[in-house]
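Student: Below are the structure tokens for one structure; questions will follow.
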Amino acid sequence: MTQKGNATLLGTEPIGKLLMQYAIPAIIAMTATSLYNMVDSIFIGHGVGPLAISGLAITFPFMNLGAAFGAMVGVGASTLISVKLGQRDYSTAQTVLGNVITLNVIIGVVYSIVCLLFLDPILYFFGASADTIGYARDFMEVILLGNIFTHMYLGLNAVLRAAGHPQKAMYATINTVIINTILAPIFIYGFEWGIRGAAIATVIAQVISLTWQFKILTNKNELLHLRKGIYRLQSHIVKNMVAIGLSPFCMNVASCFIVIFINKGLKEYDGDLAIGAYGIVNRLAFICVMIVMGITQGMQPIAGYNYGAQQYQRVTKVLKLSIWGATAITTLTFLVGELMPELAASIFTTDQGLISRAAEGFRIVVLVFPIVGFQMVTSNFFQSIGMANKAIFLSLTRQLLFLLPCLIILPRFMGAAGIWWSMPISDLIASIVAGVLLYKQFQLFKKSEINNHKS
């Protein structure tokens, strides 16, 4: 079936079938992505040492900031493509693809140059110490040199999903994981490149998958493909992409800012190993988050297309199914965190002090996880239907209005424990706010359906 045929089925096929068709490949891809990130941590933890894990954790704000720019372009473009396909505006959807390429090149190059010029000062600001900055620097120098490939790889994967090829996007991610898993131990242990070897394996894996993506998108038989005349930046397209992509951008920038606060606080109250413990907890929670993101990525083209086609009942149904799926995943993570946190932490290291700190933090962080899935889906839902303001509001409230004040106030009374407790408290409040906004949106959908029937 042609790409056009795949896309138009979003408005006619049963919602449950469509969500399975789109979400399962995305879930597999996101699970692979989480394993992809875990691979580096596991090999580094066992092959280099516990302080190397702390050094790797120092780089999280860098990774979040890079992901912020990638998400701004990729998510903004994929949502815009879904809506334009729903409106049968194929010419604009094609131009969006070309603008994704150009914008990713510009942002990737500028970001790498700026960060490399000020790498050490930035790492110290992020919470590095004399004992951990060497590890962080060795890792980030390689990652930043390959940053343009990372941006392009993530952006084109989002485009593939929106354009009716969720399986191919999944294959690209899985290929990256497999290649990285093979190369990382060879570079770390065999070539004795240490933490730098893990970074080299990461970049090489992404370059290989990016090459495959370009091969797919050069197929002239597909509706969306690379061709002349689509790469010149169009101001209205860039503005729309950025407006829609501002939500994940702000969320990732806020995450970068928050991780800096967490790293600095843990270093002050509990030392470098506490930063490593947070790095482990972050990786464990990341598995859950990425699976839920897989569900929301499966939801995105369905919600976007049907919203563009004004089929609000279908939009509501895919949202509800996505919430149920996300809640099941976050509840499972809650059970793992409460019942077997030591076992989970021991995957990354044999250092008992690090395992103990990570297990204690993991128990606290997942306390309200059963409702976190709902909050995540809701935020991404508003983004999927182009309501950028609401999505940005939900993203920022959790990070800046709720979590940041907790991180500033609670450690003064509770020490390092206050940092860990800040996370579930902010998750609880953010979920309540998301519920209120979603309820109001449902009322608007009902009114629109009534008006459509009357007309």
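By order of appearance in the structure tokens: chains A, B, ..., then residues from 1 within every chain, and ligands from 1 in the order shown.
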Give me the stretch 22-126 of chain A side of the contact with stretch 176-187 of chain A, cut-off 8 Å, one line per residue showing its nearest atom pair and distance in Å at one decimal, counting only C-alpha atoms, sorted by chain and residue number, as a Markdown table.

Tutor:
```
| residue | atom | partner | partner_atom | distance |
| --- | --- | --- | --- | --- |
| A:Ala32 | CA | A:Val177 | CA | 6.1 |
| A:Thr33 | CA | A:Val177 | CA | 6.7 |
| A:Leu35 | CA | A:Val177 | CA | 7.2 |
| A:Tyr36 | CA | A:Val177 | CA | 5.0 |
| A:Val39 | CA | A:Thr181 | CA | 6.4 |
| A:Asp40 | CA | A:Ala184 | CA | 7.1 |
| A:Phe43 | CA | A:Pro185 | CA | 6.7 |
```

Student: Give me the residues near A:Ala128 as a PyMOL selection string, where near means some atom within 12 Å (using only C-alpha atoms) and where sequence neighbours in that chain fewer than 3 positions away do not count.

Tutor: chain A and resi 51-61+119-125+131-137+260+263-268+271-273+275-276

Student: Among the residues of stretch 158-272 of chain A, find those DSSP assigns to alpha helix (DSSP H) from the backbone and print them as a ChimeraX atom specification.

Tutor: /A:158-162,166-185,194-217,235-270,272

Student: Could you write out that same residue set with C-alpha atoms as a PDB file, in the first residue's frame?

Tutor:
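File produced: result00.pdb:
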```
ATOM      1  CA  ALA A 158       9.472  11.098  14.005  1.00  0.00           C
ATOM      2  CA  VAL A 159       8.667  11.912  10.369  1.00  0.00           C
ATOM      3  CA  LEU A 160       8.543   8.218   9.428  1.00  0.00           C
ATOM      4  CA  ARG A 161       6.026   7.515  12.207  1.00  0.00           C
ATOM      5  CA  ALA A 162       3.782  10.415  11.228  1.00  0.00           C
ATOM      6  CA  PRO A 166       5.776   3.158  12.332  1.00  0.00           C
ATOM      7  CA  GLN A 167       7.422  -0.220  11.691  1.00  0.00           C
ATOM      8  CA  LYS A 168      10.302   1.309   9.764  1.00  0.00           C
ATOM      9  CA  ALA A 169      10.833   3.864  12.551  1.00  0.00           C
ATOM     10  CA  MET A 170      10.904   0.947  14.979  1.00  0.00           C
ATOM     11  CA  TYR A 171      13.479  -0.933  12.886  1.00  0.00           C
ATOM     12  CA  ALA A 172      15.721   2.138  12.780  1.00  0.00           C
ATOM     13  CA  THR A 173      15.729   2.330  16.581  1.00  0.00           C
ATOM     14  CA  ILE A 174      16.228  -1.390  17.086  1.00  0.00           C
ATOM     15  CA  ASN A 175      19.122  -1.402  14.627  1.00  0.00           C
ATOM     16  CA  THR A 176      20.735   1.420  16.598  1.00  0.00           C
ATOM     17  CA  VAL A 177      20.404  -0.525  19.853  1.00  0.00           C
ATOM     18  CA  ILE A 178      21.805  -3.735  18.412  1.00  0.00           C
ATOM     19  CA  ILE A 179      24.781  -1.992  16.802  1.00  0.00           C
ATOM     20  CA  ASN A 180      25.540  -0.032  19.976  1.00  0.00           C
ATOM     21  CA  THR A 181      25.256  -3.152  22.144  1.00  0.00           C
ATOM     22  CA  ILE A 182      27.750  -4.954  19.927  1.00  0.00           C
ATOM     23  CA  LEU A 183      30.224  -2.092  19.607  1.00  0.00           C
ATOM     24  CA  ALA A 184      30.186  -0.718  23.174  1.00  0.00           C
ATOM     25  CA  PRO A 185      31.869  -3.696  24.918  1.00  0.00           C
ATOM     26  CA  GLY A 194      36.772   3.434  28.529  1.00  0.00           C
ATOM     27  CA  ILE A 195      33.829   5.824  28.675  1.00  0.00           C
ATOM     28  CA  ARG A 196      34.911   7.426  25.379  1.00  0.00           C
ATOM     29  CA  GLY A 197      34.430   4.052  23.694  1.00  0.00           C
ATOM     30  CA  ALA A 198      30.793   3.994  24.806  1.00  0.00           C
ATOM     31  CA  ALA A 199      30.249   7.397  23.206  1.00  0.00           C
ATOM     32  CA  ILE A 200      31.924   6.331  19.949  1.00  0.00           C
ATOM     33  CA  ALA A 201      29.692   3.249  19.774  1.00  0.00           C
ATOM     34  CA  THR A 202      26.628   5.458  20.282  1.00  0.00           C
ATOM     35  CA  VAL A 203      27.495   7.825  17.446  1.00  0.00           C
ATOM     36  CA  ILE A 204      28.452   5.074  14.985  1.00  0.00           C
ATOM     37  CA  ALA A 205      25.175   3.247  15.644  1.00  0.00           C
ATOM     38  CA  GLN A 206      23.172   6.398  14.935  1.00  0.00           C
ATOM     39  CA  VAL A 207      25.081   7.156  11.731  1.00  0.00           C
ATOM     40  CA  ILE A 208      24.352   3.675  10.372  1.00  0.00           C
ATOM     41  CA  SER A 209      20.618   3.953  11.167  1.00  0.00           C
ATOM     42  CA  LEU A 210      20.485   7.461   9.712  1.00  0.00           C
ATOM     43  CA  THR A 211      21.905   6.113   6.456  1.00  0.00           C
ATOM     44  CA  TRP A 212      19.071   3.579   6.332  1.00  0.00           C
ATOM     45  CA  GLN A 213      16.482   6.302   6.996  1.00  0.00           C
ATOM     46  CA  PHE A 214      17.810   8.350   4.088  1.00  0.00           C
ATOM     47  CA  LYS A 215      17.521   5.288   1.861  1.00  0.00           C
ATOM     48  CA  ILE A 216      13.830   4.940   2.776  1.00  0.00           C
ATOM     49  CA  LEU A 217      13.111   8.611   2.198  1.00  0.00           C
ATOM     50  CA  SER A 235       8.948  30.830   7.639  1.00  0.00           C
ATOM     51  CA  HIS A 236       5.338  29.741   8.196  1.00  0.00           C
ATOM     52  CA  ILE A 237       6.329  26.061   8.364  1.00  0.00           C
ATOM     53  CA  VAL A 238       9.222  26.702  10.718  1.00  0.00           C
ATOM     54  CA  LYS A 239       6.993  28.840  12.947  1.00  0.00           C
ATOM     55  CA  ASN A 240       4.318  26.135  13.088  1.00  0.00           C
ATOM     56  CA  MET A 241       6.878  23.408  13.805  1.00  0.00           C
ATOM     57  CA  VAL A 242       8.475  25.449  16.552  1.00  0.00           C
ATOM     58  CA  ALA A 243       5.110  26.424  18.048  1.00  0.00           C
ATOM     59  CA  ILE A 244       4.009  22.790  18.273  1.00  0.00           C
ATOM     60  CA  GLY A 245       7.470  21.559  19.257  1.00  0.00           C
ATOM     61  CA  LEU A 246       7.825  24.166  22.013  1.00  0.00           C
ATOM     62  CA  SER A 247       6.086  21.862  24.471  1.00  0.00           C
ATOM     63  CA  PRO A 248       8.638  19.019  24.347  1.00  0.00           C
ATOM     64  CA  PHE A 249      11.396  21.606  23.952  1.00  0.00           C
ATOM     65  CA  CYS A 250      10.379  23.391  27.137  1.00  0.00           C
ATOM     66  CA  MET A 251       9.908  20.071  28.898  1.00  0.00           C
ATOM     67  CA  ASN A 252      13.415  18.940  28.010  1.00  0.00           C
ATOM     68  CA  VAL A 253      14.991  22.309  28.836  1.00  0.00           C
ATOM     69  CA  ALA A 254      13.166  22.263  32.160  1.00  0.00           C
ATOM     70  CA  SER A 255      14.429  18.707  32.696  1.00  0.00           C
ATOM     71  CA  CYS A 256      17.952  19.924  31.987  1.00  0.00           C
ATOM     72  CA  PHE A 257      17.549  22.702  34.524  1.00  0.00           C
ATOM     73  CA  ILE A 258      16.028  20.346  37.101  1.00  0.00           C
ATOM     74  CA  VAL A 259      18.746  17.702  36.719  1.00  0.00           C
ATOM     75  CA  ILE A 260      21.341  20.401  37.383  1.00  0.00           C
ATOM     76  CA  PHE A 261      19.555  21.264  40.628  1.00  0.00           C
ATOM     77  CA  ILE A 262      19.320  17.584  41.576  1.00  0.00           C
ATOM     78  CA  ASN A 263      22.983  16.882  40.820  1.00  0.00           C
ATOM     79  CA  LYS A 264      24.176  19.943  42.732  1.00  0.00           C
ATOM     80  CA  GLY A 265      21.925  19.145  45.689  1.00  0.00           C
ATOM     81  CA  LEU A 266      22.951  15.497  45.881  1.00  0.00           C
ATOM     82  CA  LYS A 267      26.612  16.453  45.605  1.00  0.00           C
ATOM     83  CA  GLU A 268      26.231  18.950  48.458  1.00  0.00           C
ATOM     84  CA  TYR A 269      24.274  16.696  50.826  1.00  0.00           C
ATOM     85  CA  ASP A 270      25.546  13.210  49.929  1.00  0.00           C
ATOM     86  CA  ASP A 272      29.501  12.127  44.112  1.00  0.00           C
TER      87      ASP A 272
END
```

Student: So how many Å separate atom CA of A:Ile355 and atom CA of A:Gly127, to one decimal?

Tutor: 20.6 Å
